Each structure stands twice: as structure tokens, then as C-alpha cells.
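Peer 1: Structure file run34.csv, CSV, C-alpha atoms and all ligand atoms, is pasted below:
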```csv
chain,number,residue,atom,x,y,z
A,1,MET,CA,93.1,-25.8,-71.3
A,2,ASN,CA,91.6,-22.4,-70.6
A,3,PRO,CA,89.1,-21.2,-73.1
A,4,THR,CA,90.2,-18.0,-74.8
A,5,ALA,CA,88.6,-15.7,-77.3
A,6,SER,CA,90.1,-17.7,-80.1
A,7,THR,CA,88.6,-20.9,-78.9
A,8,PRO,CA,85.6,-21.9,-81.1
A,9,PRO,CA,82.2,-22.0,-79.2
A,10,PRO,CA,81.7,-25.4,-77.4
A,11,ALA,CA,80.2,-28.1,-79.5
A,12,LEU,CA,76.4,-28.6,-79.3
A,13,SER,CA,76.5,-32.2,-80.1
A,14,VAL,CA,77.0,-35.1,-77.8
A,15,GLU,CA,76.6,-38.8,-77.9
A,16,CYS,CA,73.6,-40.4,-76.0
A,17,THR,CA,74.9,-42.5,-73.2
A,18,GLU,CA,72.1,-44.9,-73.6
A,19,CYS,CA,71.8,-45.6,-77.4
A,20,ALA,CA,74.9,-43.8,-78.8
A,21,ALA,CA,72.8,-41.6,-81.1
A,22,SER,CA,74.1,-38.2,-81.7
A,23,ILE,CA,72.2,-35.5,-79.8
A,24,THR,CA,72.3,-32.0,-81.2
A,25,LEU,CA,71.2,-29.2,-79.0
A,26,GLU,CA,69.5,-26.1,-80.3
A,27,ARG,CA,71.1,-23.7,-77.9
A,28,GLN,CA,73.9,-23.6,-75.4
A,29,PRO,CA,72.9,-25.8,-72.5
A,30,LEU,CA,73.2,-25.0,-68.8
A,31,CYS,CA,74.8,-27.4,-66.4
A,32,GLY,CA,72.0,-29.4,-64.9
A,33,GLU,CA,69.8,-29.0,-67.9
A,34,ILE,CA,67.7,-31.9,-69.0
A,35,VAL,CA,67.8,-32.9,-72.7
A,36,ARG,CA,66.0,-35.8,-74.3
A,37,CYS,CA,67.4,-38.2,-76.9
A,38,ARG,CA,65.2,-38.2,-80.0
A,39,GLU,CA,66.2,-41.8,-80.7
A,40,CYS,CA,65.7,-43.6,-77.5
A,41,ARG,CA,63.7,-40.9,-75.6
A,42,ALA,CA,66.1,-41.1,-72.6
A,43,GLU,CA,66.2,-38.1,-70.4
A,44,LEU,CA,69.8,-37.0,-70.0
A,45,GLU,CA,71.3,-34.4,-67.7
A,46,VAL,CA,74.0,-32.1,-68.9
A,47,THR,CA,76.8,-32.6,-66.3
A,48,SER,CA,79.5,-30.5,-68.1
A,49,VAL,CA,79.2,-27.8,-70.6
A,50,SER,CA,82.7,-27.6,-71.9
A,51,PRO,CA,83.4,-30.3,-72.9
A,52,LEU,CA,79.8,-31.1,-73.4
A,53,ARG,CA,78.9,-34.2,-71.4
A,54,VAL,CA,75.6,-35.9,-70.5
A,55,GLU,CA,74.5,-38.6,-68.1
A,56,LEU,CA,71.3,-40.5,-67.7
A,57,ALA,CA,69.1,-38.4,-65.5
A,58,PRO,CA,68.1,-40.1,-62.2
A,59,GLU,CA,64.8,-41.9,-62.0
A,60,VAL,CA,62.1,-40.4,-60.0
A,61,GLU,CA,62.8,-40.3,-56.3
A,62,GLU,CA,60.3,-40.8,-53.5
A,63,ASP,CA,60.0,-37.2,-52.3
A,64,TRP,CA,59.7,-35.8,-55.8
A,65,GLY,CA,56.5,-34.0,-56.6
A,66,GLU,CA,55.3,-31.1,-58.5
B,1,MET,CA,66.3,-6.4,-57.9
B,2,ARG,CA,68.2,-9.7,-57.8
B,3,ILE,CA,66.5,-13.0,-58.0
B,4,ALA,CA,68.0,-16.5,-57.7
B,5,LEU,CA,66.5,-19.6,-59.2
B,6,LEU,CA,67.1,-22.5,-56.9
B,7,HIS,CA,67.1,-25.7,-58.9
B,8,SER,CA,68.3,-29.3,-59.1
B,9,ARG,CA,67.9,-30.3,-62.7
B,10,ILE,CA,67.0,-27.7,-65.3
B,11,ARG,CA,63.8,-28.8,-67.0
B,12,VAL,CA,61.9,-26.9,-69.6
B,13,GLU,CA,60.1,-25.0,-66.9
B,14,GLU,CA,63.3,-23.7,-65.3
B,15,ARG,CA,64.6,-22.7,-68.7
B,16,LEU,CA,61.5,-20.7,-69.5
B,17,LEU,CA,61.6,-19.0,-66.1
B,18,LEU,CA,65.3,-18.1,-66.8
B,19,ASP,CA,64.3,-16.7,-70.2
B,20,GLU,CA,61.7,-14.5,-68.7
B,21,LEU,CA,64.1,-13.2,-66.0
B,22,ALA,CA,66.5,-12.3,-68.8
B,23,SER,CA,63.9,-10.7,-71.1
B,24,LEU,CA,62.6,-8.6,-68.2
B,25,GLY,CA,66.1,-7.4,-67.6
B,26,ILE,CA,66.1,-8.8,-64.0
B,27,ASP,CA,69.5,-9.5,-62.5
B,28,HIS,CA,69.5,-13.2,-61.6
B,29,GLU,CA,71.6,-16.2,-60.7
B,30,LEU,CA,71.2,-20.0,-60.7
B,31,ILE,CA,71.7,-21.9,-57.5
B,32,ASP,CA,72.1,-25.7,-57.9
B,33,VAL,CA,70.8,-27.1,-54.7
B,34,ARG,CA,73.1,-30.1,-55.1
B,35,GLU,CA,76.2,-27.8,-54.9
B,36,LEU,CA,74.8,-25.6,-52.1
B,37,VAL,CA,76.8,-25.2,-48.9
B,38,PHE,CA,75.3,-22.9,-46.3
B,39,ASP,CA,77.3,-21.5,-43.4
B,40,ILE,CA,74.4,-20.9,-41.1
B,41,HIS,CA,76.4,-18.4,-39.1
B,42,ASP,CA,77.1,-16.2,-42.1
B,43,ALA,CA,74.3,-15.0,-44.4
B,44,SER,CA,76.5,-12.5,-46.2
B,45,ARG,CA,76.8,-14.5,-49.4
B,46,TRP,CA,73.0,-14.3,-49.9
B,47,THR,CA,71.9,-10.9,-48.6
B,48,SER,CA,72.1,-9.3,-52.1
B,49,LEU,CA,69.1,-11.5,-53.1
B,50,ASP,CA,65.6,-10.1,-53.1
B,51,ALA,CA,64.0,-13.4,-53.7
B,52,VAL,CA,64.7,-17.1,-54.3
B,53,ILE,CA,62.4,-19.0,-56.6
B,54,ASP,CA,62.4,-22.6,-55.6
B,55,ARG,CA,62.3,-25.0,-58.5
B,56,CYS,CA,63.9,-28.0,-56.9
B,57,ILE,CA,62.5,-31.4,-57.8
B,58,GLY,CA,63.3,-33.0,-54.5
B,59,GLN,CA,61.1,-31.6,-51.8
B,60,THR,CA,63.3,-32.5,-48.9
B,61,GLN,CA,66.2,-30.6,-50.4
B,62,ALA,CA,64.0,-27.7,-51.3
B,63,LEU,CA,62.5,-27.3,-47.9
B,64,ALA,CA,65.9,-27.4,-46.1
B,65,ALA,CA,67.4,-24.8,-48.5
B,66,VAL,CA,64.3,-22.6,-48.3
B,67,ARG,CA,64.3,-22.6,-44.5
B,68,VAL,CA,67.8,-21.4,-44.5
B,69,PHE,CA,67.1,-18.6,-47.0
B,70,GLU,CA,64.1,-17.5,-45.0
B,71,ARG,CA,66.1,-17.4,-41.8
B,72,PHE,CA,68.7,-15.3,-43.6
B,73,GLY,CA,65.9,-12.9,-44.5
B,74,VAL,CA,65.7,-13.8,-48.1
B,75,ARG,CA,62.2,-14.2,-49.4
B,76,SER,CA,61.5,-17.6,-50.9
B,77,VAL,CA,58.8,-18.3,-53.5
B,78,ASN,CA,57.2,-20.4,-52.6
B,79,PRO,CA,57.8,-20.0,-48.9
B,80,ALA,CA,58.6,-23.0,-46.7
B,81,SER,CA,55.1,-22.8,-45.2
B,82,VAL,CA,53.6,-23.3,-48.6
B,83,ILE,CA,55.9,-26.1,-49.5
B,84,GLU,CA,54.9,-27.8,-46.3
B,85,ALA,CA,51.2,-27.2,-46.8
B,86,CYS,CA,51.2,-28.4,-50.4
B,87,GLY,CA,53.9,-31.1,-50.2
B,88,ASP,CA,52.0,-33.1,-47.8
B,89,LYS,CA,48.4,-34.2,-48.7
B,90,LEU,CA,47.4,-34.5,-45.1
B,91,THR,CA,48.3,-30.9,-44.4
B,92,THR,CA,46.6,-29.7,-47.6
B,93,SER,CA,43.5,-31.6,-46.7
B,94,LEU,CA,43.5,-30.3,-43.2
B,95,LEU,CA,43.7,-26.7,-44.4
B,96,MET,CA,40.9,-27.2,-46.9
B,97,ALA,CA,38.7,-28.7,-44.3
B,98,ARG,CA,39.5,-26.0,-41.8
B,99,HIS,CA,38.7,-23.3,-44.3
B,100,GLU,CA,35.6,-25.1,-45.4
B,101,ILE,CA,36.8,-25.4,-49.0
B,102,PRO,CA,35.1,-28.2,-50.9
B,103,THR,CA,37.5,-31.2,-51.0
B,104,PRO,CA,37.0,-35.0,-51.2
B,105,ARG,CA,36.1,-36.6,-47.9
B,106,THR,CA,39.3,-37.8,-46.3
B,107,CYS,CA,40.2,-39.9,-43.3
B,108,ILE,CA,43.6,-40.6,-41.8
B,109,ALA,CA,44.7,-43.6,-39.9
B,110,LEU,CA,48.1,-44.6,-38.5
B,111,ASP,CA,47.9,-48.3,-38.1
B,112,GLU,CA,46.8,-51.2,-40.3
B,113,ALA,CA,43.8,-52.1,-38.2
B,114,SER,CA,42.6,-48.5,-38.0
B,115,ALA,CA,43.3,-48.0,-41.7
B,116,LEU,CA,40.7,-50.6,-42.5
B,117,ALA,CA,38.3,-48.8,-40.2
B,118,ALA,CA,39.1,-45.6,-42.1
B,119,VAL,CA,38.3,-47.2,-45.4
B,120,GLU,CA,35.1,-48.6,-44.1
B,121,ARG,CA,34.1,-45.2,-42.8
B,122,ILE,CA,34.8,-43.6,-46.2
B,123,GLY,CA,33.0,-46.4,-48.0
B,124,TYR,CA,33.7,-48.1,-51.3
B,125,PRO,CA,35.3,-47.4,-53.6
B,126,ALA,CA,38.0,-45.6,-51.7
B,127,VAL,CA,41.4,-44.3,-52.7
B,128,LEU,CA,44.5,-44.9,-50.6
B,129,LYS,CA,47.3,-42.4,-51.3
B,130,PRO,CA,50.7,-41.7,-50.0
B,131,THR,CA,50.7,-38.3,-48.3
B,132,THR,CA,53.7,-37.0,-50.2
B,133,GLY,CA,54.8,-37.4,-53.9
B,134,SER,CA,52.9,-36.6,-57.0
B,135,TRP,CA,52.5,-37.4,-60.6
B,136,GLY,CA,49.7,-39.7,-60.0
B,137,ARG,CA,51.9,-42.6,-58.7
B,138,LEU,CA,51.3,-45.0,-56.0
B,139,LEU,CA,47.6,-44.5,-55.8
B,140,ALA,CA,45.4,-47.4,-55.1
B,141,ARG,CA,41.7,-47.7,-55.5
B,142,VAL,CA,39.9,-50.3,-53.4
B,143,ASN,CA,36.5,-51.5,-54.4
B,144,ASP,CA,35.8,-53.8,-51.5
B,145,ARG,CA,37.1,-55.0,-48.1
B,146,ASP,CA,39.3,-57.7,-49.6
B,147,ALA,CA,41.1,-55.2,-51.8
B,148,ALA,CA,41.4,-52.8,-48.9
B,149,GLU,CA,43.0,-55.4,-46.7
B,150,ALA,CA,45.4,-56.4,-49.5
B,151,VAL,CA,46.5,-52.9,-50.1
B,152,ILE,CA,46.9,-52.0,-46.5
B,153,GLU,CA,49.0,-55.1,-45.8
B,154,HIS,CA,51.1,-54.3,-48.8
B,155,LYS,CA,51.6,-50.7,-47.8
B,156,SER,CA,52.7,-51.5,-44.3
B,157,THR,CA,55.1,-54.2,-45.4
B,158,LEU,CA,56.8,-51.7,-47.6
B,159,GLY,CA,58.2,-50.4,-44.4
B,160,SER,CA,58.8,-46.8,-45.2
B,161,VAL,CA,57.7,-44.3,-42.7
B,162,GLN,CA,55.2,-42.5,-44.9
B,163,HIS,CA,53.4,-45.7,-45.6
B,164,SER,CA,52.4,-46.0,-42.0
B,165,VAL,CA,50.3,-43.0,-42.6
B,166,PHE,CA,47.1,-44.2,-44.3
B,167,TYR,CA,45.5,-41.4,-46.2
B,168,VAL,CA,42.1,-42.6,-47.3
B,169,GLN,CA,39.8,-40.6,-49.6
B,170,GLU,CA,36.5,-41.1,-51.2
B,171,TYR,CA,36.6,-42.0,-54.8
B,172,VAL,CA,35.0,-39.2,-56.8
B,173,PRO,CA,33.3,-40.5,-59.9
B,174,LYS,CA,34.4,-37.6,-62.1
B,175,PRO,CA,34.1,-37.4,-65.9
B,176,ASP,CA,37.2,-38.6,-67.8
B,177,ARG,CA,39.0,-35.4,-67.2
B,178,ASP,CA,40.2,-33.2,-64.5
B,179,LEU,CA,41.0,-29.5,-64.2
B,180,ARG,CA,44.2,-27.8,-63.3
B,181,VAL,CA,44.2,-24.1,-62.6
B,182,PHE,CA,47.4,-22.0,-62.4
B,183,VAL,CA,47.3,-19.5,-59.6
B,184,VAL,CA,49.6,-16.5,-59.4
B,185,GLY,CA,49.2,-14.8,-56.0
B,186,GLU,CA,45.4,-15.3,-55.4
B,187,GLU,CA,44.5,-15.0,-59.1
B,188,ALA,CA,43.6,-17.9,-61.3
B,189,ILE,CA,45.4,-16.8,-64.5
B,190,CYS,CA,44.5,-19.8,-66.7
B,191,GLY,CA,43.6,-23.4,-66.6
B,192,ILE,CA,43.7,-26.6,-68.5
B,193,VAL,CA,41.4,-29.6,-68.9
B,194,ARG,CA,43.2,-32.9,-68.9
B,195,HIS,CA,41.5,-35.8,-70.6
B,196,SER,CA,42.3,-39.3,-69.8
B,197,ALA,CA,40.6,-42.6,-70.1
B,198,HIS,CA,42.3,-43.7,-66.9
B,199,TRP,CA,41.0,-42.5,-63.5
B,200,ILE,CA,44.4,-41.1,-62.6
B,201,THR,CA,44.6,-38.0,-64.9
B,202,ASN,CA,48.0,-36.4,-65.0
B,203,THR,CA,49.9,-34.6,-67.7
B,204,ALA,CA,53.0,-36.3,-66.4
B,205,ARG,CA,51.4,-39.5,-67.4
B,206,GLY,CA,50.4,-38.3,-70.8
B,207,GLY,CA,47.0,-36.8,-70.5
B,208,VAL,CA,46.0,-34.5,-73.3
B,209,ALA,CA,45.4,-30.8,-72.4
B,210,SER,CA,43.0,-28.2,-73.6
B,211,VAL,CA,42.0,-24.8,-72.3
B,212,LEU,CA,39.7,-24.4,-69.3
B,213,GLU,CA,37.5,-21.4,-69.0
B,214,ILE,CA,38.1,-19.6,-65.7
B,215,THR,CA,34.6,-19.2,-64.4
B,216,PRO,CA,33.7,-17.1,-61.3
B,217,GLU,CA,33.3,-20.3,-59.3
B,218,ILE,CA,36.8,-21.5,-60.3
B,219,ARG,CA,38.2,-18.0,-59.6
B,220,ASP,CA,36.7,-17.8,-56.2
B,221,LEU,CA,37.5,-21.4,-55.2
B,222,CYS,CA,41.1,-21.1,-56.2
B,223,ALA,CA,41.6,-17.7,-54.4
B,224,ARG,CA,40.2,-19.3,-51.3
B,225,ALA,CA,42.4,-22.4,-51.7
B,226,ALA,CA,45.5,-20.2,-52.3
B,227,ARG,CA,44.7,-18.2,-49.2
B,228,ALA,CA,44.2,-21.4,-47.2
B,229,VAL,CA,47.7,-22.7,-48.0
B,230,ALA,CA,49.6,-19.4,-48.4
B,231,GLY,CA,47.7,-16.8,-46.4
B,232,SER,CA,46.6,-13.5,-47.8
B,233,GLY,CA,48.5,-12.7,-51.0
B,234,GLY,CA,48.7,-16.3,-52.1
B,235,ALA,CA,51.6,-18.0,-53.9
B,236,LEU,CA,52.5,-19.7,-57.2
B,237,LEU,CA,50.3,-22.7,-57.3
B,238,ALA,CA,48.7,-25.2,-59.6
B,239,ILE,CA,45.4,-26.3,-58.1
B,240,ASP,CA,43.8,-29.5,-59.2
B,241,LEU,CA,40.0,-29.6,-59.2
B,242,LEU,CA,37.6,-32.4,-59.5
B,243,GLU,CA,34.1,-32.1,-60.9
B,244,ALA,CA,32.0,-34.0,-58.5
B,245,PRO,CA,28.5,-34.8,-59.8
B,246,GLY,CA,25.9,-32.9,-57.9
B,247,ARG,CA,28.5,-31.3,-55.7
B,248,GLY,CA,30.3,-28.9,-57.9
B,249,LEU,CA,34.1,-28.4,-57.9
B,250,LEU,CA,36.4,-30.0,-55.2
B,251,VAL,CA,40.0,-29.0,-54.6
B,252,SER,CA,41.9,-32.3,-54.9
B,253,GLU,CA,45.6,-31.2,-54.8
B,254,ILE,CA,47.7,-28.1,-54.7
B,255,ASN,CA,51.1,-28.2,-56.3
B,256,HIS,CA,53.8,-25.8,-55.1
B,257,THR,CA,56.4,-26.2,-58.0
B,258,MET,CA,54.0,-26.4,-60.9
B,259,GLU,CA,54.8,-27.9,-64.2
B,260,PHE,CA,53.5,-25.7,-66.9
B,261,ARG,CA,55.4,-26.5,-70.1
B,262,ASN,CA,52.4,-28.1,-71.8
B,263,SER,CA,49.9,-25.5,-70.6
B,264,ILE,CA,51.3,-22.4,-72.3
B,265,ALA,CA,50.2,-23.3,-75.8
B,266,PRO,CA,46.6,-24.4,-75.0
B,267,THR,CA,45.9,-21.5,-72.7
B,268,GLY,CA,47.8,-18.8,-74.7
B,269,VAL,CA,49.0,-17.5,-71.3
B,270,ASN,CA,52.7,-16.9,-70.8
B,271,ILE,CA,52.7,-18.6,-67.4
B,272,PRO,CA,56.4,-18.2,-66.6
B,273,ARG,CA,56.2,-14.5,-67.4
B,274,ARG,CA,53.2,-14.1,-65.1
B,275,MET,CA,55.1,-15.9,-62.3
B,276,ILE,CA,58.2,-13.8,-62.6
B,277,GLU,CA,56.2,-10.6,-62.8
B,278,TRP,CA,54.4,-11.5,-59.6
B,279,VAL,CA,57.7,-12.3,-57.8
B,280,VAL,CA,59.1,-9.0,-58.8
B,281,ALA,CA,55.9,-7.1,-57.8
B,282,THR,CA,55.7,-8.7,-54.4
B,283,SER,CA,59.3,-8.8,-53.4
B,284,PRO,CA,60.9,-6.1,-51.3
B,285,ALA,CA,63.6,-4.2,-53.2
B,286,SER,CA,67.0,-5.0,-51.7
B,287,ALA,CA,67.6,-1.4,-50.7
B,288,ALA,CA,64.4,-1.4,-48.7
B,289,ARG,CA,65.1,-4.6,-46.9
B,290,GLY,CA,66.1,-4.4,-43.3
B,291,PRO,CA,67.8,-7.0,-41.1
B,292,ALA,CA,66.5,-10.5,-41.2
B,293,PRO,CA,63.2,-10.8,-39.3
B,294,SER,CA,63.5,-13.2,-36.4
B,295,THR,CA,60.4,-15.1,-37.6
B,296,GLY,CA,62.2,-16.0,-40.8
B,297,ALA,CA,59.2,-14.6,-42.7
B,298,PRO,CA,60.1,-12.2,-45.5
B,299,SER,CA,59.1,-8.6,-44.9
B,300,ALA,CA,56.3,-7.1,-47.0
B,301,PRO,CA,57.4,-4.6,-49.6
B,302,SER,CA,57.6,-1.2,-47.9
B,303,THR,CA,58.6,1.0,-50.7
B,304,LEU,CA,58.2,1.4,-54.4
B,305,THR,CA,61.6,3.1,-54.8
B,306,PRO,CA,63.0,2.1,-58.2
B,307,VAL,CA,66.2,0.2,-58.2
B,308,PRO,CA,68.5,2.1,-60.6
B,309,ALA,CA,70.8,-0.9,-61.2
B,310,SER,CA,68.3,-2.9,-63.2
B,311,PRO,CA,67.0,-1.8,-66.6
B,312,ARG,CA,63.4,-2.4,-65.4
B,313,SER,CA,62.9,-1.9,-61.8
B,314,ARG,CA,60.2,-3.5,-59.7
B,315,ALA,CA,58.3,-0.1,-59.5
B,316,SER,CA,58.3,0.4,-63.2
B,317,LEU,CA,57.1,-3.1,-63.7
B,318,ILE,CA,54.3,-2.6,-61.3
B,319,GLU,CA,53.4,0.6,-63.0
B,320,GLU,CA,53.7,-0.9,-66.4
B,321,LEU,CA,51.8,-4.1,-65.7
B,322,LYS,CA,49.2,-2.5,-63.4
B,323,LEU,CA,50.2,-4.9,-60.7
B,324,GLY,CA,49.5,-2.4,-57.9
B,325,HIS,CA,47.2,-4.7,-56.1
B,326,TRP,CA,50.0,-7.2,-55.6
B,327,ALA,CA,52.1,-4.7,-53.9
B,328,ALA,CA,49.9,-5.1,-50.9
B,329,PHE,CA,51.1,-8.6,-50.5
B,330,ASP,CA,51.2,-9.4,-46.8
B,331,ALA,CA,53.8,-12.1,-46.1
B,332,HIS,CA,53.1,-12.1,-42.4
B,333,SER,CA,49.6,-13.3,-42.6
B,334,ARG,CA,50.7,-16.8,-43.3
B,335,THR,CA,51.3,-17.6,-39.7
B,336,GLU,CA,47.9,-19.2,-40.0
B,337,VAL,CA,49.5,-22.0,-42.0
B,338,ALA,CA,52.3,-22.8,-39.5
C,1,ZN,ZN,69.5,-42.3,-76.9
```
Could I get this file's structure written as C-alpha cells?
Ligand SMILES: [Zn+2]
Peer 2:
Amino acid sequence: MNPTASTPPPALSVECTECAASITLERQPLCGEIVRCRECRAELEVTSVSPLRVELAPEVEEDWGE
Amino acid sequence: MRIALLHSRIRVEERLLLDELASLGIDHELIDVRELVFDIHDASRWTSLDAVIDRCIGQTQALAAVRVFERFGVRSVNPASVIEACGDKLTTSLLMARHEIPTPRTCIALDEASALAAVERIGYPAVLKPTTGSWGRLLARVNDRDAAEAVIEHKSTLGSVQHSVFYVQEYVPKPDRDLRVFVVGEEAICGIVRHSAHWITNTARGGVASVLEITPEIRDLCARAARAVAGSGGALLAIDLLEAPGRGLLVSEINHTMEFRNSIAPTGVNIPRRMIEWVVATSPASAARGPAPSTGAPSAPSTLTPVPASPRSRASLIEELKLGHWAAFDAHSRTEVA
């Protein structure tokens, strides 16, 4: 399934993996981008742009800092 | 001029930096550190880059990737030396002490028995901190010997390597707020005051921010701290200051991949724009860059020749933004940090 010029732009809505609420993004996301579910406040990472997929973002790891 | 943004997850900060790269018309690419494969014998994939901006969340990954880029002759912002200096509280404290920059009194011990001696030397209350990590986690304040013994025993039974380094600091009885200053190069561009009823103030833990006036004292202290960790020319840093009663300001922490999303509105300063402008102004244009220096340090800009390929070249940006003083950036002076 190659996207072509006639393919509509990818959907900007995706279901929250934590609470199943529908998350609508304001702009085209990037792979790796963090989005937040308004319903359950979960931080989700965009793992695929087309089709749009999200996964729960990993918890803080030990060497993470600012 | 071509700049790469090295990232793991793309948070609001990374998105804002990308938006600024785009709006300044700077050729750029995203590099996901999780997908990165380096052939250390072949730098050709990367030599078109004038700079890599490190925005990785994981410091171990960031440091490894940045070391490779620097060995390949690609400038990293921040450089590995700055990540090392800021990412480890012990190193930061040592640099502050060596440069006689006011900082909380700190002792280091490497064993449980000596850790208790270190706490006693500092006096009570004392704060035990891990030497890496941030966001105000894992800090323990001990008010007496019993508490100190309990914390030390707990830390050593956790078993991780970094917990065998006991970093003990005086507890500074500051007001219910602390100060964070954003530094671009050596210049304190803006700052915020974070209010919190809890002694660990941190926006990541929900502190409320308002604008901080950059006084001459703050400006001078931050420039000195930036030079201490990054050498002449400075870096992109967020410097946390404590107001110690009767002693003035102390440098408590320096962050090398600063979070700034909640600081743009209160300060009215476009922090990501200032960061990108500085990177552009202080990076050598690709045409001017020679072979990779053997030290791994990026070469200082040697020319202001405009790069015709980009709509706005480094030279025109420098001219336009009156950033001439940044063009004197001396990347080699940071040997002091190593
Ligand atoms: Zn949800």
C-alpha cells in the first residue's frame, strides 16, 4: 500500500492505548513525538505515522536527566 | 548550513527547536538515536553536517553518539565534555569549586562508613544525592545521625554502581523558590523563578514559574559557570541557582539538555530561537570545515563566507542578529574541562 497523490492525508486521530479515548492531534506528528491523552493524561509516543499508531511512552529511566 | 537534531522521543522542546530550524530556513534532519548505526570507520554519511544538536533524553546514549560525531569532525551542541561536566553532579561540583564559583558545600565518599563521616563533616541537615539523574528525584534530606545511617544503608543495599558514590551536600535553607537561568553561549538570556512549598523545587514536579530579572550578579555568575563547564564561548545550559541567606547566589545544578517549554511564556523570550541562532552563529560552515581534527573537538569558525544553498546563511544571520561576538567562539579552550 504505497501512499500516492490521490491518498487522503493520514488521519490525525488515534485511540489511547491506556483508556481508549480518541486522541486528535492538531498537526501532523513526527515518529517519536510525545502526545498526551487529555482523558487519562498518559504520555504516548507516536511509533508510526501512517497508519498513525501510539504506544505508552517509557517511564523515566535511571540516566535520564535534563 | 546543515544541522541535525539528535533525539530519542520528540517532546515539546524538540518540536519547538525543529520549528525554529524550519522558520530560519536552515537545512536540517532528525536523527533518532534509537535507530542510529555508526560505522566508526566511515564518517561519510555524516560529513555534510555542520552541527548536531543533542536532545536525547538518555544521557548514556547521548554521550556515546556525541563522542562519535565529534570524532567524525561534526560539532556537537552540547559537546561531550559539557554533557560529562553537567551530567554528573560530582564533576559539576568539582568544576565550580575549582573555578571558585559559589556552590553548596559538598563532600564525596565512596563507602558506607566514610559516607557517614562525610555527612557529619557537612553537618545537619544534609542532603544526599545521586550523582546523575535529575528532575528532583532520589534526593534525601537527613536531619540527624539516625536518618543518615538509614539512608546510607538503604542506598548501598540498592546495589547500583552509582549509589556507592555518596554525594553529600549542605542543605541550603532557601526561600520557597529557586531560580533557573537559561544560558546561550555565555549569556544569561532569561530566567524563571520556580515557587514550591516543597524543598525540592522543579518544574518537572509541578512548580509554578514566573519571570526572573537577570541582575548583573546573575549575569556574571552564569557566565562564569558556563565557562567553567564549557570553556570560553559557553554552551546551551540551564543553570539552577539557590538564594542562600547571607551568602548570595549559589550555583546548584547545570543542565545540558534544558527543558524550556514552560519558560517561554513567563519570560517572553523565544528560547528555542535563541538556541538555534547561537548554534548557527558558532558553527563552522560546511565549506570551511577541514578534515576531522584528531582531538575530536570541533574547529572554530574560520570564515563568514555565506552558504549559497540556504535561504539564510550563517553570515547573514550573524549580520542580521548582530551576533558578531559569538563568531569568536573558541571550541578548543574547553580542554580545561577534560
Ligand atoms: Zn487515555
Peer 1: May I ask which of the residues A:Thr47, A:Glu18, A:Glu33, A:Glu26 is the closest one to ligand ZN 1 (chain C), counting all atoms listed in the file?
Peer 2: A:Glu18
Peer 1: As a ChimeraX atom specification, please: the residues near Ala43 of chain B (cut-off 12 Å, only C-alpha atoms, same-chain neighbours under 5 positions excluded).
Peer 2: /B:37-38,48-49,68-74,291-292
Peer 1: Quick one, how far is atom CA of Leu6 of chain B from atom CA of Val251 of chain B?
Peer 2: 28.0 Å
Peer 1: Taking all atoms listed in the file into account, which residues have an atom no farther than 9 Å from ligand ZN 1 (chain C)? I'd like them as a list of chain:residue names.
Peer 2: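 Checked against 9 Å with all atoms listed in the file; the hits are A:Glu15, A:Cys16, A:Thr17, A:Glu18, A:Cys19, A:Ala20, A:Ala21, A:Ser22, A:Ile23, A:Arg36, A:Cys37, A:Arg38, A:Glu39, A:Cys40, A:Arg41, A:Ala42, A:Glu43, A:Leu44.
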Peer 1: As a ChimeraX atom specification, please: the residues near segment 109-111 of chain B (cut-off 8 Å, all atoms listed in the file, same-chain neighbours under 5 positions excluded).
Peer 2: /B:118,164-168
Peer 1: If you measure from atom CA of Glu13 of chain B to atom CA of Glu277 of chain B, what distance in Å do you get, rounded to one decimal?
Peer 2: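 Separating atom CA of Glu13 of chain B from atom CA of Glu277 of chain B is a distance of 15.5 Å.
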Peer 1: Which residues of chain B are close to chain A, meaning at most 6 Å apart when you count only C-alpha atoms, and how do they look as number ranges by chain?
Peer 2: B: 9-11, 57-59, 133-134, 255, 257-258
Peer 1: Calculate how many Å separate atom CA of Gln28 of chain A from atom CA of Val269 of chain B, rounding to one decimal.
Peer 2: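 One can read the atom CA of Gln28 of chain A to atom CA of Val269 of chain B distance as 26.0 Å.
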Peer 1: For the point (52.4, -12.9, -58.2) in file coordinates, what residues are within 10 Å, counting only C-alpha atoms? Give the answer as a VMD selection string?
Peer 2: chain B and resid 77 183 to 187 233 to 236 274 to 283 323 325 to 327 329
Peer 1: So which residues touch Leu17 of chain B within 10 Å, counting all atoms listed in the file, skipping near sequence neighbours fewer than 6 positions away, as an MDAnalysis selection string?
Peer 2: chainID B and resid 5 23 53 55 271:276
Peer 1: Which one of B:Ala65, B:Ala238, B:Ala4, B:Ile108 sits closest to Ala188 of chain B if you count all atoms listed in the file?
Peer 2: B:Ala238
Peer 1: For Arg180 of chain B, list every protein, DNA or RNA residue within 6 Å, evaluated using all atoms listed in the file, and leave out those in the same chain fewer than 4 positions away; present the list as a PyMOL selection string.
Peer 2: chain B and resi 191-192+239-240
Peer 1: Please provide the set of residues having any atom within 7 Å of Met96 of chain B, restricted to all atoms listed in the file, with same-chain residues fewer than 4 positions apart removed, written as a PyMOL selection string.
Peer 2: chain B and resi 92+100-101+103+225+228
